[in-house]
Amino acid sequence: MGNPAYRNSSFWFIILSIFFGNFMSILSSTTINVAFPVFMKDFHAELGAVQWMITGFLLATGVVAPVVGYFGDRWSYKRLYLFALSGFTLFSGLCTIAWNIESLVVFRILQGVFSGLIIPTTMTMIYQFIEKDRQAFAMSLWSLSSMLAPAFGPTLGGWLTEYFGWRSLFILNLPIGIVAIAVAFKCLPLHKTAPTKSFDLPGFVTVLISSSFIILAFSEGNGWGWTSWKTLSFLIVGAATLAYFIRRELTVKDPLLNLSVFRTNRFTYSLIINCIITASLYSGTFLIPIFLQDIQQSTALNTALVLLPGSIVMAFFSPIVGKLYARTGPFWLILSGIVLLIVSTWELSHVKLQATHMYIAVWMTIRYVGIAFAFMPVMNAGMSAISKEKSGHASAVTNWVRQATGALSIGIFSSLLAARSSTHIKQLNEAAAAGTPFLREQGMTLGVQDVFLAATIICVIAIPLTFLLKEKRKKRQSLTS
């Protein structure tokens, strides 16, 4: 550790190992988005069913995140990471032999279980294996792997879907997964901590039930009816079990998830902002492919090309933000990123049926720049406030809440889109003369506008929370001066 050359080579070996797994996990999500209409046609499925390829995946990643701290401490984070990579690769292979939309969704959800282990494990390894003075730079590289995947994922996914069919989206994971396993096995250190106490099975069961019921209620609420007994029952059971889970984890001797990390205000504020950024991110990745392909009748490849500039710019800015963080701290980076998100999302809430691909590409690029400026600083601002011993639990909490937010936001946005589009189409039919063309497309466009407006309002909430982070930074500086 004292040898600078060894310290530097060790740093890059760890980053290389983390990079491969994180890249593969997120790539699998971003290649799927542009192929939604293809899945709907090939399987003769409704949007609600196909949507579960993302919603179920995100739900699985969020539900399994709480066990990362326990199994990471018990097995070592290297072994947990290798297990997660192996399972992810296996179920990627099984997705290629899916025979209907139901089997594909099941395999995809199981793939999400292992993805849910990969993301928090890679984050935890940064804060456990890498020296504190290099953690911000390491997080910028971790973020870069998160940014490169969406930079190439949509275009790659569109190209593969167009010429080789949807199965190629999952075949792609196989060579990447095998390489990731080999690199992690060779390069990661084996740091095993003292085995933790007993596994909190009641805690795991309640977090599984609460997350699943709440997400399902929001995902299917529009179809079931928001005041139907089924929706209300799922919400009540989900909320009750979530309350029990939180109470249990705060009082039990050996909690599955150490929720005491929320006593650190800086971590809590950062996590809330993180969730807002996540919801905003998924509003765009969910709505734009639907708008371009289902409303404007563009191909999957054209959709991917519209999203490509923004994704590349987001990847380009990621390491730059990592260097700026050391000079400016998180506040100005987060604030500027959120302002860009608000402005660009507001502009997209005025998108017209005749909107050009250039118009959409420009405003999506500005959104992605905002995400690049805010994402890593928010993550590191929260995680750096947590002690090394609790970093595994803080990472698990972050990914549990963040992934659940992603799944919840897609459920809410899809329900809102369906409800608002239906209302607008009905109003247009009543007002228009018989035979007026494009009523469906016009109604859906108005629905897309409404959802982007809701996403804009959500982004505005992050502004006052960002100022709370600035206050904490000033207090920290005064204490160290």
# chains A, B, ... in the order shown; residues from 1 in each chain; ligands from 1
>>> residues_around(residues="Leu453 of chain A", least_positions_apart="5", cutoff="10 Å", atoms="only C-alpha atoms", output="short mmCIF file (atom, residue, chain, number, x, y, z; two decimals) with N, CA and C atoms, in the first residue's frame")
data_model
loop_
_atom_site.label_atom_id
_atom_site.label_comp_id
_atom_site.auth_asym_id
_atom_site.auth_seq_id
_atom_site.Cartn_x
_atom_site.Cartn_y
_atom_site.Cartn_z
N ILE A 342 -34.34 20.72 -15.62
CA ILE A 342 -35.64 21.41 -15.57
C ILE A 342 -35.94 22.08 -16.91
N THR A 345 -36.48 19.39 -19.79
CA THR A 345 -37.71 18.62 -19.61
C THR A 345 -38.93 19.50 -19.85
N TRP A 346 -38.85 20.77 -19.45
CA TRP A 346 -39.93 21.73 -19.72
C TRP A 346 -40.11 21.91 -21.22
N GLU A 347 -39.01 22.01 -21.95
CA GLU A 347 -39.10 22.15 -23.42
C GLU A 347 -39.75 20.92 -24.05
N LEU A 348 -39.39 19.74 -23.56
CA LEU A 348 -39.97 18.52 -24.12
C LEU A 348 -41.45 18.37 -23.76
N SER A 349 -41.90 19.11 -22.75
CA SER A 349 -43.33 19.07 -22.41
C SER A 349 -44.16 19.87 -23.44
N HIS A 350 -43.47 20.50 -24.40
CA HIS A 350 -44.15 21.21 -25.49
C HIS A 350 -43.93 20.53 -26.84
N GLY A 447 -50.59 13.48 -24.41
CA GLY A 447 -50.30 12.68 -23.22
C GLY A 447 -48.82 12.71 -22.87
N VAL A 448 -47.96 12.63 -23.88
CA VAL A 448 -46.51 12.72 -23.67
C VAL A 448 -46.15 14.08 -23.07
N ILE A 458 -41.36 17.48 -10.78
CA ILE A 458 -40.56 16.63 -9.88
C ILE A 458 -39.13 17.17 -9.77
N CYS A 459 -38.55 17.60 -10.90
CA CYS A 459 -37.18 18.13 -10.90
C CYS A 459 -37.05 19.39 -10.05
#
>>> closest_atom_pairs(of="segment 29-137 of chain A", to="segment 308-324 of chain A", cutoff="12 Å", atoms="only C-alpha atoms", output="JSON lines")
{"residue": "A:Thr30", "atom": "CA", "partner": "A:Ser311", "partner_atom": "CA", "distance": 10.6}
{"residue": "A:Thr31", "atom": "CA", "partner": "A:Leu308", "partner_atom": "CA", "distance": 11.9}
{"residue": "A:Val34", "atom": "CA", "partner": "A:Leu308", "partner_atom": "CA", "distance": 11.7}
{"residue": "A:Arg134", "atom": "CA", "partner": "A:Gly322", "partner_atom": "CA", "distance": 10.4}
{"residue": "A:Gln135", "atom": "CA", "partner": "A:Gly322", "partner_atom": "CA", "distance": 9.9}
{"residue": "A:Ala136", "atom": "CA", "partner": "A:Gly322", "partner_atom": "CA", "distance": 6.5}
{"residue": "A:Phe137", "atom": "CA", "partner": "A:Gly322", "partner_atom": "CA", "distance": 5.4}
>>> residues_around(residues="segment 156-158 of chain A", least_positions_apart="3", cutoff="9 Å", atoms="only C-alpha atoms", output="VMD selection string")
chain A and resid 30 to 35 152 to 153 161 to 163 166 168 to 169 299 to 305
>>> write_last_selection(atoms="all heavy atoms", output="compact mmCIF listing (two decimals), in the first residue's frame")
# COMPACT_ATOMS: atom_id res chain seq x y z
N THR A 30 -30.36 -0.44 -21.28
CA THR A 30 -30.48 0.59 -22.31
C THR A 30 -30.70 0.02 -23.71
O THR A 30 -31.26 0.70 -24.56
CB THR A 30 -29.23 1.49 -22.32
OG1 THR A 30 -28.06 0.68 -22.53
CG2 THR A 30 -29.09 2.22 -21.00
N THR A 31 -30.26 -1.20 -23.96
CA THR A 31 -30.50 -1.79 -25.28
C THR A 31 -31.96 -2.20 -25.45
O THR A 31 -32.47 -2.28 -26.57
CB THR A 31 -29.61 -3.02 -25.52
OG1 THR A 31 -29.79 -3.95 -24.44
CG2 THR A 31 -28.14 -2.64 -25.61
N ILE A 32 -32.63 -2.47 -24.33
CA ILE A 32 -34.01 -2.96 -24.36
C ILE A 32 -35.01 -1.86 -24.73
O ILE A 32 -35.98 -2.08 -25.44
CB ILE A 32 -34.39 -3.57 -22.99
CG1 ILE A 32 -33.58 -4.85 -22.74
CG2 ILE A 32 -35.87 -3.85 -22.89
CD1 ILE A 32 -33.91 -5.97 -23.68
N ASN A 33 -34.75 -0.63 -24.25
CA ASN A 33 -35.73 0.45 -24.38
C ASN A 33 -36.23 0.67 -25.80
O ASN A 33 -37.42 0.80 -26.05
CB ASN A 33 -35.15 1.76 -23.84
CG ASN A 33 -34.97 1.74 -22.34
OD1 ASN A 33 -35.46 0.84 -21.67
ND2 ASN A 33 -34.25 2.70 -21.81
N VAL A 34 -35.28 0.73 -26.77
CA VAL A 34 -35.66 1.06 -28.14
C VAL A 34 -36.39 -0.08 -28.84
O VAL A 34 -36.94 0.11 -29.92
CB VAL A 34 -34.42 1.47 -28.96
CG1 VAL A 34 -33.80 2.73 -28.42
CG2 VAL A 34 -33.39 0.34 -29.00
N ALA A 35 -36.37 -1.27 -28.24
CA ALA A 35 -36.98 -2.44 -28.88
C ALA A 35 -38.39 -2.73 -28.38
O ALA A 35 -38.99 -3.74 -28.77
CB ALA A 35 -36.10 -3.67 -28.66
N PHE A 152 -23.92 3.98 -25.91
CA PHE A 152 -23.90 3.06 -27.04
C PHE A 152 -25.07 2.08 -27.04
O PHE A 152 -25.39 1.51 -28.08
CB PHE A 152 -22.58 2.27 -27.04
CG PHE A 152 -21.38 3.14 -27.20
CD1 PHE A 152 -20.54 3.40 -26.13
CD2 PHE A 152 -21.10 3.73 -28.42
CE1 PHE A 152 -19.43 4.23 -26.27
CE2 PHE A 152 -19.99 4.55 -28.58
CZ PHE A 152 -19.16 4.80 -27.50
N GLY A 153 -25.70 1.91 -25.87
CA GLY A 153 -26.78 0.94 -25.76
C GLY A 153 -27.94 1.14 -26.71
O GLY A 153 -28.30 0.23 -27.46
N THR A 161 -31.47 -4.94 -33.20
CA THR A 161 -32.88 -5.30 -33.37
C THR A 161 -33.29 -5.22 -34.84
O THR A 161 -34.01 -6.09 -35.34
CB THR A 161 -33.77 -4.36 -32.53
OG1 THR A 161 -33.36 -4.43 -31.16
CG2 THR A 161 -35.23 -4.77 -32.63
N GLU A 162 -32.80 -4.18 -35.51
CA GLU A 162 -33.17 -3.96 -36.91
C GLU A 162 -32.67 -5.09 -37.82
O GLU A 162 -33.38 -5.55 -38.72
CB GLU A 162 -32.58 -2.63 -37.38
CG GLU A 162 -33.10 -2.16 -38.71
CD GLU A 162 -34.26 -1.19 -38.57
OE1 GLU A 162 -34.72 -0.94 -37.44
OE2 GLU A 162 -34.70 -0.69 -39.60
N TYR A 163 -31.45 -5.56 -37.57
CA TYR A 163 -30.82 -6.50 -38.51
C TYR A 163 -30.72 -7.94 -38.00
O TYR A 163 -30.59 -8.86 -38.80
CB TYR A 163 -29.43 -5.99 -38.89
CG TYR A 163 -29.46 -4.70 -39.68
CD1 TYR A 163 -29.16 -3.49 -39.07
CD2 TYR A 163 -29.85 -4.69 -41.02
CE1 TYR A 163 -29.21 -2.30 -39.77
CE2 TYR A 163 -29.91 -3.51 -41.74
CZ TYR A 163 -29.59 -2.31 -41.11
OH TYR A 163 -29.65 -1.14 -41.82
N TRP A 166 -34.53 -9.36 -31.83
CA TRP A 166 -34.41 -9.01 -30.41
C TRP A 166 -33.52 -9.96 -29.63
O TRP A 166 -32.94 -9.57 -28.60
CB TRP A 166 -35.79 -8.93 -29.78
CG TRP A 166 -36.59 -10.21 -29.80
CD1 TRP A 166 -37.51 -10.58 -30.72
CD2 TRP A 166 -36.50 -11.29 -28.86
NE1 TRP A 166 -38.02 -11.81 -30.42
CE2 TRP A 166 -37.41 -12.28 -29.27
CE3 TRP A 166 -35.75 -11.52 -27.71
CZ2 TRP A 166 -37.58 -13.48 -28.58
CZ3 TRP A 166 -35.92 -12.71 -27.01
CH2 TRP A 166 -36.82 -13.68 -27.45
N SER A 168 -30.62 -10.95 -30.24
CA SER A 168 -29.24 -10.48 -30.25
C SER A 168 -28.95 -9.53 -29.09
O SER A 168 -27.80 -9.39 -28.67
CB SER A 168 -28.93 -9.79 -31.58
OG SER A 168 -29.78 -8.67 -31.78
N LEU A 169 -30.00 -8.88 -28.54
CA LEU A 169 -29.81 -7.98 -27.41
C LEU A 169 -29.31 -8.74 -26.18
O LEU A 169 -28.56 -8.19 -25.36
CB LEU A 169 -31.13 -7.28 -27.07
CG LEU A 169 -31.77 -6.44 -28.17
CD1 LEU A 169 -33.11 -5.88 -27.69
CD2 LEU A 169 -30.85 -5.32 -28.60
N THR A 299 -38.18 4.02 -37.02
CA THR A 299 -37.63 2.70 -36.76
C THR A 299 -36.85 2.71 -35.44
O THR A 299 -36.50 3.77 -34.91
CB THR A 299 -36.68 2.27 -37.89
OG1 THR A 299 -35.56 3.17 -37.91
CG2 THR A 299 -37.38 2.29 -39.24
N ALA A 300 -36.54 1.51 -34.95
CA ALA A 300 -35.74 1.40 -33.72
C ALA A 300 -34.36 2.01 -33.92
O ALA A 300 -33.81 2.64 -33.01
CB ALA A 300 -35.63 -0.07 -33.31
N LEU A 301 -33.79 1.83 -35.11
CA LEU A 301 -32.45 2.37 -35.38
C LEU A 301 -32.47 3.89 -35.39
O LEU A 301 -31.59 4.54 -34.82
CB LEU A 301 -31.93 1.83 -36.71
CG LEU A 301 -30.50 2.26 -37.09
CD1 LEU A 301 -29.51 1.85 -36.02
CD2 LEU A 301 -30.10 1.66 -38.44
N ASN A 302 -33.49 4.49 -36.03
CA ASN A 302 -33.59 5.95 -36.05
C ASN A 302 -33.78 6.51 -34.64
O ASN A 302 -33.23 7.55 -34.29
CB ASN A 302 -34.76 6.39 -36.94
CG ASN A 302 -34.44 6.30 -38.41
OD1 ASN A 302 -33.29 6.32 -38.79
ND2 ASN A 302 -35.46 6.20 -39.24
N THR A 303 -34.56 5.80 -33.84
CA THR A 303 -34.75 6.22 -32.45
C THR A 303 -33.42 6.22 -31.71
O THR A 303 -33.10 7.15 -30.96
CB THR A 303 -35.74 5.27 -31.74
OG1 THR A 303 -36.99 5.32 -32.42
CG2 THR A 303 -35.93 5.66 -30.28
N ALA A 304 -32.65 5.16 -31.91
CA ALA A 304 -31.34 5.06 -31.25
C ALA A 304 -30.41 6.19 -31.69
O ALA A 304 -29.66 6.74 -30.88
CB ALA A 304 -30.71 3.71 -31.58
N LEU A 305 -30.45 6.54 -32.96
CA LEU A 305 -29.59 7.61 -33.48
C LEU A 305 -29.99 8.97 -32.90
O LEU A 305 -29.13 9.84 -32.68
CB LEU A 305 -29.65 7.64 -35.01
CG LEU A 305 -29.00 6.45 -35.72
CD1 LEU A 305 -29.26 6.50 -37.21
CD2 LEU A 305 -27.50 6.40 -35.42
>>> atom_distance(atom1="atom CA of Met383 of chain A", atom2="atom CA of Ser395 of chain A")
7.4 Å
>>> select_by_dssp(residues="segment 95-295 of chain A", states="alpha helix (DSSP H)", output="JSON, numbers by chain")
{"A": [95, 101, 102, 103, 104, 105, 106, 107, 108, 109, 110, 111, 112, 113, 114, 115, 116, 117, 118, 119, 120, 121, 122, 123, 124, 125, 126, 127, 128, 129, 135, 136, 137, 138, 139, 140, 141, 142, 143, 144, 145, 146, 147, 148, 149, 150, 151, 152, 153, 154, 155, 156, 157, 158, 159, 160, 161, 162, 163, 164, 168, 169, 170, 171, 173, 174, 175, 176, 177, 178, 179, 180, 181, 182, 183, 184, 185, 186, 187, 201, 202, 203, 204, 205, 206, 207, 208, 209, 210, 211, 212, 213, 214, 215, 216, 217, 218, 219, 220, 221, 222, 223, 224, 229, 230, 231, 232, 233, 234, 235, 236, 237, 238, 239, 240, 241, 242, 243, 244, 245, 246, 247, 248, 249, 250, 251, 265, 266, 267, 268, 269, 270, 271, 272, 273, 274, 275, 276, 277, 278, 279, 280, 281, 282, 283, 284, 285, 286, 287, 288, 289]}
>>> residues_around(residues="Leu446 of chain A", least_positions_apart="3", cutoff="9 Å", atoms="only C-alpha atoms", output="VMD selection string")
chain A and resid 349 to 353 420 to 421 424 to 425 441 to 443 449 to 451
>>> write_last_selection(atoms="all heavy atoms", output="short mmCIF file (atom, residue, chain, number, x, y, z; two decimals), in the first residue's frame")
data_model
loop_
_atom_site.label_atom_id
_atom_site.label_comp_id
_atom_site.auth_asym_id
_atom_site.auth_seq_id
_atom_site.Cartn_x
_atom_site.Cartn_y
_atom_site.Cartn_z
N SER A 349 -41.90 19.11 -22.75
CA SER A 349 -43.33 19.07 -22.41
C SER A 349 -44.16 19.87 -23.44
O SER A 349 -45.39 19.90 -23.34
CB SER A 349 -43.58 19.63 -21.01
OG SER A 349 -43.40 21.03 -20.97
N HIS A 350 -43.47 20.50 -24.40
CA HIS A 350 -44.15 21.21 -25.49
C HIS A 350 -43.93 20.53 -26.84
O HIS A 350 -44.15 21.15 -27.88
CB HIS A 350 -43.65 22.67 -25.56
CG HIS A 350 -43.94 23.47 -24.33
ND1 HIS A 350 -43.13 23.47 -23.21
CD2 HIS A 350 -44.98 24.29 -24.02
CE1 HIS A 350 -43.65 24.25 -22.29
NE2 HIS A 350 -44.77 24.77 -22.74
N VAL A 351 -43.48 19.29 -26.82
CA VAL A 351 -43.18 18.58 -28.07
C VAL A 351 -44.47 18.44 -28.91
O VAL A 351 -45.55 18.19 -28.39
CB VAL A 351 -42.56 17.19 -27.78
CG1 VAL A 351 -43.57 16.25 -27.13
CG2 VAL A 351 -41.98 16.57 -29.04
N LYS A 352 -44.32 18.64 -30.22
CA LYS A 352 -45.46 18.56 -31.14
C LYS A 352 -45.40 17.26 -31.94
O LYS A 352 -44.34 16.64 -32.05
CB LYS A 352 -45.45 19.75 -32.11
CG LYS A 352 -45.44 21.12 -31.44
CD LYS A 352 -46.72 21.39 -30.66
CE LYS A 352 -46.73 22.80 -30.09
NZ LYS A 352 -47.90 23.04 -29.23
N LEU A 353 -46.52 16.89 -32.52
CA LEU A 353 -46.59 15.68 -33.34
C LEU A 353 -45.60 15.78 -34.51
O LEU A 353 -45.00 14.79 -34.91
CB LEU A 353 -48.01 15.49 -33.87
CG LEU A 353 -48.24 14.30 -34.83
CD1 LEU A 353 -47.88 12.99 -34.16
CD2 LEU A 353 -49.70 14.28 -35.29
N ARG A 420 -53.90 9.99 -19.65
CA ARG A 420 -53.98 11.30 -20.29
C ARG A 420 -54.20 11.17 -21.80
O ARG A 420 -54.95 11.95 -22.40
CB ARG A 420 -52.72 12.11 -20.01
CG ARG A 420 -52.51 12.46 -18.53
CD ARG A 420 -53.69 13.21 -17.96
NE ARG A 420 -53.91 14.49 -18.67
CZ ARG A 420 -55.05 15.15 -18.68
NH1 ARG A 420 -56.12 14.65 -18.06
NH2 ARG A 420 -55.15 16.29 -19.33
N SER A 421 -53.54 10.18 -22.43
CA SER A 421 -53.73 9.97 -23.87
C SER A 421 -55.17 9.60 -24.17
O SER A 421 -55.77 10.12 -25.12
CB SER A 421 -52.78 8.88 -24.38
OG SER A 421 -51.44 9.25 -24.23
N HIS A 424 -57.33 12.72 -23.85
CA HIS A 424 -57.13 13.64 -24.98
C HIS A 424 -57.76 13.11 -26.27
O HIS A 424 -58.36 13.86 -27.03
CB HIS A 424 -55.65 13.91 -25.19
CG HIS A 424 -55.04 14.80 -24.15
ND1 HIS A 424 -55.52 16.06 -23.86
CD2 HIS A 424 -53.97 14.60 -23.32
CE1 HIS A 424 -54.78 16.60 -22.89
NE2 HIS A 424 -53.83 15.73 -22.56
N ILE A 425 -57.60 11.79 -26.51
CA ILE A 425 -58.17 11.19 -27.72
C ILE A 425 -59.69 11.31 -27.70
O ILE A 425 -60.34 11.63 -28.71
CB ILE A 425 -57.74 9.72 -27.86
CG1 ILE A 425 -56.23 9.64 -28.17
CG2 ILE A 425 -58.53 9.01 -28.96
CD1 ILE A 425 -55.67 8.24 -28.09
N GLU A 441 -52.67 9.77 -32.74
CA GLU A 441 -51.31 10.29 -32.60
C GLU A 441 -51.30 11.64 -31.89
O GLU A 441 -50.45 11.91 -31.04
CB GLU A 441 -50.65 10.41 -33.98
CG GLU A 441 -50.27 9.09 -34.62
CD GLU A 441 -51.45 8.37 -35.25
OE1 GLU A 441 -52.57 8.97 -35.28
OE2 GLU A 441 -51.29 7.23 -35.71
N GLN A 442 -52.27 12.49 -32.22
CA GLN A 442 -52.35 13.80 -31.58
C GLN A 442 -52.68 13.65 -30.09
O GLN A 442 -52.11 14.35 -29.24
CB GLN A 442 -53.41 14.66 -32.28
CG GLN A 442 -53.01 15.12 -33.67
CD GLN A 442 -54.17 15.79 -34.41
OE1 GLN A 442 -55.28 15.90 -33.87
NE2 GLN A 442 -53.92 16.21 -35.65
N GLY A 443 -53.58 12.75 -29.78
CA GLY A 443 -53.94 12.52 -28.38
C GLY A 443 -52.78 11.97 -27.58
O GLY A 443 -52.54 12.40 -26.43
N GLN A 449 -46.78 15.14 -23.57
CA GLN A 449 -46.55 16.48 -23.02
C GLN A 449 -46.89 16.53 -21.53
O GLN A 449 -46.14 17.09 -20.72
CB GLN A 449 -47.39 17.51 -23.78
CG GLN A 449 -46.96 17.77 -25.22
CD GLN A 449 -47.86 18.79 -25.90
OE1 GLN A 449 -48.75 19.37 -25.28
NE2 GLN A 449 -47.64 19.00 -27.19
N ASP A 450 -48.01 15.94 -21.18
CA ASP A 450 -48.45 15.95 -19.77
C ASP A 450 -47.44 15.23 -18.87
O ASP A 450 -47.16 15.68 -17.75
CB ASP A 450 -49.82 15.29 -19.65
CG ASP A 450 -50.93 16.12 -20.27
OD1 ASP A 450 -50.69 17.31 -20.52
OD2 ASP A 450 -52.02 15.56 -20.51
N VAL A 451 -46.92 14.10 -19.34
CA VAL A 451 -45.97 13.33 -18.51
C VAL A 451 -44.66 14.10 -18.35
O VAL A 451 -44.08 14.13 -17.25
CB VAL A 451 -45.72 11.94 -19.11
CG1 VAL A 451 -44.72 11.17 -18.26
CG2 VAL A 451 -47.03 11.15 -19.19
#
>>> residues_around(residues="Ala374 of chain A", least_positions_apart="4", cutoff="8 Å", atoms="only C-alpha atoms", output="PyMOL selection string")
chain A and resi 277+333-338+370+378
>>> write_last_selection(atoms="all heavy atoms", output="PDB file, in the first residue's frame")
ATOM      1  N   ILE A 277     -33.463  12.658  -9.765  1.00  0.00           N
ATOM      2  CA  ILE A 277     -32.717  12.541 -11.017  1.00  0.00           C
ATOM      3  C   ILE A 277     -33.073  11.232 -11.727  1.00  0.00           C
ATOM      4  O   ILE A 277     -33.239  11.193 -12.949  1.00  0.00           O
ATOM      5  CB  ILE A 277     -31.198  12.617 -10.748  1.00  0.00           C
ATOM      6  CG1 ILE A 277     -30.826  14.006 -10.226  1.00  0.00           C
ATOM      7  CG2 ILE A 277     -30.398  12.296 -12.015  1.00  0.00           C
ATOM      8  CD1 ILE A 277     -29.409  14.094  -9.694  1.00  0.00           C
ATOM      9  N   LEU A 333     -22.134  21.803  -9.075  1.00  0.00           N
ATOM     10  CA  LEU A 333     -22.320  20.789 -10.117  1.00  0.00           C
ATOM     11  C   LEU A 333     -23.752  20.256 -10.100  1.00  0.00           C
ATOM     12  O   LEU A 333     -24.403  20.142 -11.144  1.00  0.00           O
ATOM     13  CB  LEU A 333     -21.320  19.648  -9.915  1.00  0.00           C
ATOM     14  CG  LEU A 333     -19.848  20.002 -10.130  1.00  0.00           C
ATOM     15  CD1 LEU A 333     -18.963  18.845  -9.677  1.00  0.00           C
ATOM     16  CD2 LEU A 333     -19.570  20.343 -11.591  1.00  0.00           C
ATOM     17  N   ILE A 334     -24.233  19.931  -8.903  1.00  0.00           N
ATOM     18  CA  ILE A 334     -25.598  19.399  -8.783  1.00  0.00           C
ATOM     19  C   ILE A 334     -26.625  20.449  -9.197  1.00  0.00           C
ATOM     20  O   ILE A 334     -27.563  20.168  -9.954  1.00  0.00           O
ATOM     21  CB  ILE A 334     -25.874  18.930  -7.339  1.00  0.00           C
ATOM     22  CG1 ILE A 334     -24.932  17.778  -6.962  1.00  0.00           C
ATOM     23  CG2 ILE A 334     -27.328  18.475  -7.183  1.00  0.00           C
ATOM     24  CD1 ILE A 334     -24.955  17.425  -5.486  1.00  0.00           C
ATOM     25  N   LEU A 335     -26.442  21.686  -8.725  1.00  0.00           N
ATOM     26  CA  LEU A 335     -27.395  22.748  -9.035  1.00  0.00           C
ATOM     27  C   LEU A 335     -27.465  23.017 -10.536  1.00  0.00           C
ATOM     28  O   LEU A 335     -28.553  23.116 -11.115  1.00  0.00           O
ATOM     29  CB  LEU A 335     -27.016  24.022  -8.290  1.00  0.00           C
ATOM     30  CG  LEU A 335     -27.982  25.202  -8.463  1.00  0.00           C
ATOM     31  CD1 LEU A 335     -29.357  24.863  -7.892  1.00  0.00           C
ATOM     32  CD2 LEU A 335     -27.416  26.457  -7.797  1.00  0.00           C
ATOM     33  N   SER A 336     -26.300  23.113 -11.186  1.00  0.00           N
ATOM     34  CA  SER A 336     -26.297  23.374 -12.630  1.00  0.00           C
ATOM     35  C   SER A 336     -26.916  22.213 -13.394  1.00  0.00           C
ATOM     36  O   SER A 336     -27.649  22.408 -14.369  1.00  0.00           O
ATOM     37  CB  SER A 336     -24.870  23.638 -13.121  1.00  0.00           C
ATOM     38  OG  SER A 336     -24.020  22.535 -12.847  1.00  0.00           O
ATOM     39  N   GLY A 337     -26.652  20.993 -12.929  1.00  0.00           N
ATOM     40  CA  GLY A 337     -27.236  19.820 -13.584  1.00  0.00           C
ATOM     41  C   GLY A 337     -28.751  19.794 -13.481  1.00  0.00           C
ATOM     42  O   GLY A 337     -29.442  19.508 -14.460  1.00  0.00           O
ATOM     43  N   ILE A 338     -29.265  20.110 -12.305  1.00  0.00           N
ATOM     44  CA  ILE A 338     -30.720  20.098 -12.103  1.00  0.00           C
ATOM     45  C   ILE A 338     -31.396  21.210 -12.906  1.00  0.00           C
ATOM     46  O   ILE A 338     -32.486  21.016 -13.463  1.00  0.00           O
ATOM     47  CB  ILE A 338     -31.052  20.193 -10.605  1.00  0.00           C
ATOM     48  CG1 ILE A 338     -30.639  18.895  -9.902  1.00  0.00           C
ATOM     49  CG2 ILE A 338     -32.537  20.460 -10.383  1.00  0.00           C
ATOM     50  CD1 ILE A 338     -30.719  18.937  -8.407  1.00  0.00           C
ATOM     51  N   GLY A 370     -27.184  17.564 -18.096  1.00  0.00           N
ATOM     52  CA  GLY A 370     -27.632  17.829 -16.728  1.00  0.00           C
ATOM     53  C   GLY A 370     -27.471  16.619 -15.829  1.00  0.00           C
ATOM     54  O   GLY A 370     -27.013  16.735 -14.681  1.00  0.00           O
ATOM     55  N   VAL A 378     -23.929  13.883  -6.621  1.00  0.00           N
ATOM     56  CA  VAL A 378     -24.960  13.508  -5.654  1.00  0.00           C
ATOM     57  C   VAL A 378     -24.610  12.187  -4.980  1.00  0.00           C
ATOM     58  O   VAL A 378     -24.711  12.041  -3.754  1.00  0.00           O
ATOM     59  CB  VAL A 378     -26.339  13.403  -6.347  1.00  0.00           C
ATOM     60  CG1 VAL A 378     -27.319  12.603  -5.503  1.00  0.00           C
ATOM     61  CG2 VAL A 378     -26.909  14.781  -6.597  1.00  0.00           C
TER      62      VAL A 378
END
>>> residues_around(residues="Val179 of chain A", least_positions_apart="5", cutoff="9 Å", atoms="only C-alpha atoms", output="ChimeraX atom specification")
/A:20,174,184
>>> residues_around(residues="segment 251-259 of chain A", least_positions_apart="2", cutoff="6 Å", atoms="only C-alpha atoms", output="PDB file with N, CA and C atoms, in the first residue's frame")
ATOM      1  N   PRO A  66     -31.088  -4.916  -0.632  1.00  0.00           N
ATOM      2  CA  PRO A  66     -30.842  -4.944   0.817  1.00  0.00           C
ATOM      3  C   PRO A  66     -29.958  -6.093   1.309  1.00  0.00           C
ATOM      4  N   ASP A 200     -31.505 -11.910   8.481  1.00  0.00           N
ATOM      5  CA  ASP A 200     -32.806 -11.376   8.914  1.00  0.00           C
ATOM      6  C   ASP A 200     -33.872 -11.756   7.888  1.00  0.00           C
ATOM      7  N   ARG A 248     -38.739  -2.681  12.165  1.00  0.00           N
ATOM      8  CA  ARG A 248     -37.945  -3.844  12.546  1.00  0.00           C
ATOM      9  C   ARG A 248     -36.451  -3.578  12.385  1.00  0.00           C
ATOM     10  N   GLU A 249     -36.085  -2.990  11.240  1.00  0.00           N
ATOM     11  CA  GLU A 249     -34.654  -2.767  10.967  1.00  0.00           C
ATOM     12  C   GLU A 249     -34.043  -1.749  11.929  1.00  0.00           C
ATOM     13  N   VAL A 261     -27.993   4.725   8.621  1.00  0.00           N
ATOM     14  CA  VAL A 261     -27.306   5.630   7.687  1.00  0.00           C
ATOM     15  C   VAL A 261     -28.158   6.871   7.405  1.00  0.00           C
ATOM     16  N   PHE A 262     -29.488   6.755   7.596  1.00  0.00           N
ATOM     17  CA  PHE A 262     -30.362   7.899   7.361  1.00  0.00           C
ATOM     18  C   PHE A 262     -30.212   8.974   8.435  1.00  0.00           C
ATOM     19  N   HIS A 393     -23.854  -1.140   3.579  1.00  0.00           N
ATOM     20  CA  HIS A 393     -25.275  -0.918   3.856  1.00  0.00           C
ATOM     21  C   HIS A 393     -25.768   0.371   3.199  1.00  0.00           C
TER      22      HIS A 393
END
